[in-house]
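Q: Can you keep this structure in mind? I'll have questions shortly.
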Amino acid sequence: MKKKLIVGNWKLNPATLAEAKHIFSRIKKTGTRKSNVAVVICPPFLYLADLARAALRSAVSLGVQDIFYEEEGSFTGEVSASMVKNLGASYAIVGHSERRRLGESEATVSKKVVAGIKAGLSVVLCIGEDTRDEHGVYLATLRGQLLGALSRISPKFLSHLIVAYEPIWAIGKSGNGAITSRHLHEMVLYIRKILSDEYGGSIARGVRIIYGGSVFPNNAGTFLSEGEADGLLVGRESLKPEDFATIVQSAHDA
Ligand code: PGA
């Protein structure tokens with residue numbers, strides 16, 4: 001049995017290192033040590049080194065929200081996968097819709113997937129449709145996104161891949177803005193089928209498929225039990241230690 005994976009994406013928060021350390025230490029204390037759940041926090045790059053020290057001997061792993069695809073060279077402002085790995089990150093989110101909206105192309109995403117896995121990181125690849133249409137064109141879009149992102153990676157490395165299904169329309173919503181667990185279940189099966197058709201059943205089964213988009217303490221459990229997601233990618237709620245702890249507990253109970 002694979003552990004459920006709960007990934008917190010702090011995005012461009014919080015504003016100071018002191019706050020970041022405070023939130024992180026509360027997350028560590030609020031019941032993140034569960035035998036069947038892996039917990040990952042992805043802070044802004046700047047806080048990684050300090051939080052990596054704070055994470056020693058804790059049950060929380062660290063990740064980053066992006067990486068660049070080259071190892072070194074003349075790439076002003078970029079951060080490489082091995083740099084973050086050396087500072088203590090073991091996960092990297094790649095292709096988040098908020099980065100794609102800033103202009104990240106599918107080709108770039110696919111190079112980042114390779115760079116992350118080559119550096120020894122587990123890559124959380126985000127895919128998700130903008131909107132849904134009644135003819136199901138979004139399903140083909142999603143398939144293209146997934147296979148496009150994996151076009152440069154050898155199938156034997158796919159055990160280091162996590163697919164985060166994040167429908168863009170469900171991100172950052174309030175209340176019941178998230179997907180229904182029935183629709184989520186359909187999407188988990190659909191993504192698994194694409195992987196299975198392309199790479200075979202055993203490789204497909206080794207890839208975790210997680211869900212992100214308006215995950216809250218009151219819906220996390222059903223996404224995992226009824227939606228059959230292998231984990232969750234949590235935005236806003238990952239900055240609230242008590243709520244995040246409830247989500248982790250839901251994963252433990254699911
Ligand atoms: P949200 O963000 O949980 O705040 O909707 C999710 C995400 O963008 O990964």
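Each chain of the structure tokens is named A, B, ... in the order shown, its residues numbered from 1; ligands are numbered from 1 in display order.
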Which neighbours of Ala59 (chain A) fall inside 8 Å, counting only C-alpha atoms, when residues of the same chain fewer than 3 positions from it are skipped, and could you give them as a ChimeraX atom specification?
A: /A:28,32-33,38-39,55
Q: Hey, which residues come within 8 Å of ligand 1 if we count only C-alpha atoms and all ligand atoms? Could you give them as a ChimeraX atom specification?
A: /A:8-9,11,96-98,166,170-173,178,212-216,233-238
Q: May I ask which of the residues A:Ile162, A:Met187, A:Val37, A:Lys193 is the closest one to Glu129 (chain A), counting only C-alpha atoms?
A: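 Of all the options, A:Met187 lies closest to Glu129 (chain A).
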Q: Kindly indicate which residue among A:Leu232, A:Val79, A:Val109, A:Leu121 lies nearest to Phe45 (chain A), using only C-alpha atoms for the distances.
A: A:Val79
Q: Would you work out the distance separating CA of Ile153 (chain A) from CA of Lys111 (chain A), expressed in Å to one decimal?
A: 8.6 Å
Q: Fewer than 6 positions away in the same chain doesn't count, so skip those; otherwise give me all residues within 12 Å of Leu142 (chain A), counting only C-alpha atoms, as a PDB file with N, CA and C atoms, in the first residue's frame.
A:
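out08.pdb was written with the following content:
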```
ATOM      1  N   GLU A 106       4.274  23.949 -22.623  1.00  0.00           N
ATOM      2  CA  GLU A 106       4.283  22.502 -22.387  1.00  0.00           C
ATOM      3  C   GLU A 106       5.675  21.921 -22.580  1.00  0.00           C
ATOM      4  N   CYS A 126       1.509  19.030 -12.412  1.00  0.00           N
ATOM      5  CA  CYS A 126       0.124  19.519 -12.374  1.00  0.00           C
ATOM      6  C   CYS A 126      -0.467  19.570 -13.780  1.00  0.00           C
ATOM      7  N   ILE A 127      -1.640  19.007 -13.897  1.00  0.00           N
ATOM      8  CA  ILE A 127      -2.399  19.133 -15.144  1.00  0.00           C
ATOM      9  C   ILE A 127      -3.839  19.494 -14.772  1.00  0.00           C
ATOM     10  N   GLY A 128      -4.555  20.062 -15.700  1.00  0.00           N
ATOM     11  CA  GLY A 128      -5.945  20.387 -15.398  1.00  0.00           C
ATOM     12  C   GLY A 128      -6.527  21.287 -16.456  1.00  0.00           C
ATOM     13  N   GLU A 129      -7.825  21.092 -16.715  1.00  0.00           N
ATOM     14  CA  GLU A 129      -8.475  21.888 -17.749  1.00  0.00           C
ATOM     15  C   GLU A 129      -8.924  23.231 -17.190  1.00  0.00           C
ATOM     16  N   ASP A 130      -8.995  24.191 -18.089  1.00  0.00           N
ATOM     17  CA  ASP A 130      -9.454  25.531 -17.793  1.00  0.00           C
ATOM     18  C   ASP A 130     -10.946  25.542 -17.480  1.00  0.00           C
ATOM     19  N   THR A 131     -11.679  24.976 -18.431  1.00  0.00           N
ATOM     20  CA  THR A 131     -13.135  24.893 -18.292  1.00  0.00           C
ATOM     21  C   THR A 131     -13.564  23.531 -18.821  1.00  0.00           C
ATOM     22  N   ARG A 132     -14.797  23.183 -18.555  1.00  0.00           N
ATOM     23  CA  ARG A 132     -15.340  21.939 -19.110  1.00  0.00           C
ATOM     24  C   ARG A 132     -16.344  22.275 -20.201  1.00  0.00           C
ATOM     25  N   GLY A 136     -16.798  17.163 -24.180  1.00  0.00           N
ATOM     26  CA  GLY A 136     -15.674  16.424 -23.624  1.00  0.00           C
ATOM     27  C   GLY A 136     -14.335  16.737 -24.276  1.00  0.00           C
ATOM     28  N   GLY A 148       2.203  15.052 -23.184  1.00  0.00           N
ATOM     29  CA  GLY A 148       3.190  16.058 -23.594  1.00  0.00           C
ATOM     30  C   GLY A 148       4.240  16.255 -22.498  1.00  0.00           C
ATOM     31  N   ALA A 149       3.780  16.368 -21.271  1.00  0.00           N
ATOM     32  CA  ALA A 149       4.703  16.600 -20.157  1.00  0.00           C
ATOM     33  C   ALA A 149       5.628  15.409 -19.935  1.00  0.00           C
ATOM     34  N   VAL A 163       1.065  12.655 -10.371  1.00  0.00           N
ATOM     35  CA  VAL A 163       0.246  13.528 -11.210  1.00  0.00           C
ATOM     36  C   VAL A 163      -0.763  14.225 -10.310  1.00  0.00           C
ATOM     37  N   ALA A 164      -0.753  15.550 -10.344  1.00  0.00           N
ATOM     38  CA  ALA A 164      -1.752  16.310  -9.579  1.00  0.00           C
ATOM     39  C   ALA A 164      -2.808  16.807 -10.550  1.00  0.00           C
ATOM     40  N   TYR A 165      -4.002  16.265 -10.418  1.00  0.00           N
ATOM     41  CA  TYR A 165      -5.094  16.750 -11.247  1.00  0.00           C
ATOM     42  C   TYR A 165      -5.705  17.965 -10.560  1.00  0.00           C
ATOM     43  N   GLU A 166      -5.517  19.110 -11.204  1.00  0.00           N
ATOM     44  CA  GLU A 166      -6.013  20.369 -10.638  1.00  0.00           C
ATOM     45  C   GLU A 166      -6.820  21.116 -11.691  1.00  0.00           C
ATOM     46  N   PRO A 167      -8.133  20.881 -11.726  1.00  0.00           N
ATOM     47  CA  PRO A 167      -8.936  21.651 -12.687  1.00  0.00           C
ATOM     48  C   PRO A 167      -8.847  23.131 -12.319  1.00  0.00           C
ATOM     49  N   ILE A 168      -8.500  23.958 -13.294  1.00  0.00           N
ATOM     50  CA  ILE A 168      -8.218  25.369 -12.994  1.00  0.00           C
ATOM     51  C   ILE A 168      -9.452  26.061 -12.407  1.00  0.00           C
ATOM     52  N   MET A 187     -12.111  11.194 -13.121  1.00  0.00           N
ATOM     53  CA  MET A 187     -10.868  11.748 -13.644  1.00  0.00           C
ATOM     54  C   MET A 187      -9.649  10.924 -13.220  1.00  0.00           C
ATOM     55  N   VAL A 188      -9.703  10.405 -11.997  1.00  0.00           N
ATOM     56  CA  VAL A 188      -8.595   9.555 -11.532  1.00  0.00           C
ATOM     57  C   VAL A 188      -8.519   8.312 -12.425  1.00  0.00           C
ATOM     58  N   TYR A 190      -9.643   8.042 -15.464  1.00  0.00           N
ATOM     59  CA  TYR A 190      -9.278   8.458 -16.812  1.00  0.00           C
ATOM     60  C   TYR A 190      -7.758   8.653 -16.934  1.00  0.00           C
ATOM     61  N   ILE A 191      -7.181   9.327 -15.946  1.00  0.00           N
ATOM     62  CA  ILE A 191      -5.730   9.582 -15.979  1.00  0.00           C
ATOM     63  C   ILE A 191      -4.970   8.255 -15.862  1.00  0.00           C
ATOM     64  N   ILE A 194      -5.053   6.518 -19.219  1.00  0.00           N
ATOM     65  CA  ILE A 194      -4.110   7.088 -20.199  1.00  0.00           C
ATOM     66  C   ILE A 194      -2.704   6.537 -19.925  1.00  0.00           C
TER      67      ILE A 194
END
```
Q: So that I can check the surroundings of Lys118 (chain A), please list as a list of chain:residue names every protein, DNA and RNA residue that reaches within 9 Å of it, counting only C-alpha atoms and ignoring chain neighbours fewer than 2 positions away.
A: A:Ala81, A:Ser82, A:Val113, A:Val114, A:Ala115, A:Gly116, A:Gly120, A:Leu121, A:Phe157
Q: List every residue of region 100-241 of chain A that DSSP, applied to the backbone of this structure, places in alpha helix (DSSP H), and write the result as an MDAnalysis selection string.
A: chainID A and resid 100 106:118 137:149 181:199 201:205 220:225 241
Q: Which residue out of A:Thr108, A:Ser35, A:Asn218, A:Ser90 has the minimum interatomic distance to His160 (chain A) when only C-alpha atoms are used?
A: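 For His160 (chain A), the nearest of the candidates is A:Ser90.
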Q: Which residue is closest to Leu147 (chain A)? Choose from A:Ser196, A:Ser159, A:Ser225, A:Thr16 and count only C-alpha atoms.
A: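 Going through A:Ser196, A:Ser159, A:Ser225, A:Thr16 one by one, the smallest distance to Leu147 (chain A) is for A:Ser196.
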Q: Choose the residue, out of A:Ala119, A:Asn36, A:Tyr47, A:Ala20, that has the smallest atom-to-atom separation from Lys4 (chain A); count only C-alpha atoms.
A: A:Asn36
Q: Name the residues in contact with Gln65 (chain A) at a cut-off of 10 Å, using only C-alpha atoms, excluding same-chain residues fewer than 2 positions from it; report them as a tab-separated table (two decimals) with C-alpha atoms, in the first residue's frame.
A:
```tsv
chain	number	residue	atom	x	y	z
A	8	GLY	CA	1.00	21.89	0.88
A	9	ASN	CA	1.69	24.61	-1.66
A	10	TRP	CA	2.33	27.87	0.13
A	11	LYS	CA	2.59	29.84	-3.15
A	12	LEU	CA	3.82	33.42	-2.54
A	41	ILE	CA	5.37	21.44	2.46
A	42	CYS	CA	6.43	23.55	-0.53
A	43	PRO	CA	7.47	27.00	0.71
A	44	PRO	CA	8.93	29.81	-1.40
A	45	PHE	CA	12.55	28.98	-2.40
A	63	GLY	CA	9.41	20.51	-1.73
A	67	ILE	CA	12.53	24.28	-10.75
A	91	TYR	CA	9.74	17.11	-4.08
A	92	ALA	CA	9.16	19.67	-6.82
A	93	ILE	CA	5.86	20.90	-8.18
A	94	VAL	CA	6.11	21.32	-11.95
A	95	GLY	CA	3.65	22.90	-14.37
A	96	HIS	CA	1.30	24.48	-11.84
A	99	ARG	CA	3.03	29.18	-13.74
A	124	VAL	CA	4.42	16.60	-8.76
```
Q: Pick from A:Ala229, A:Ala52, A:Val84, A:Val7: nearest to Glu186 (chain A), with only C-alpha atoms counted?
A: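 When distances to Glu186 (chain A) are compared using only C-alpha atoms, the smallest one comes from A:Ala229.
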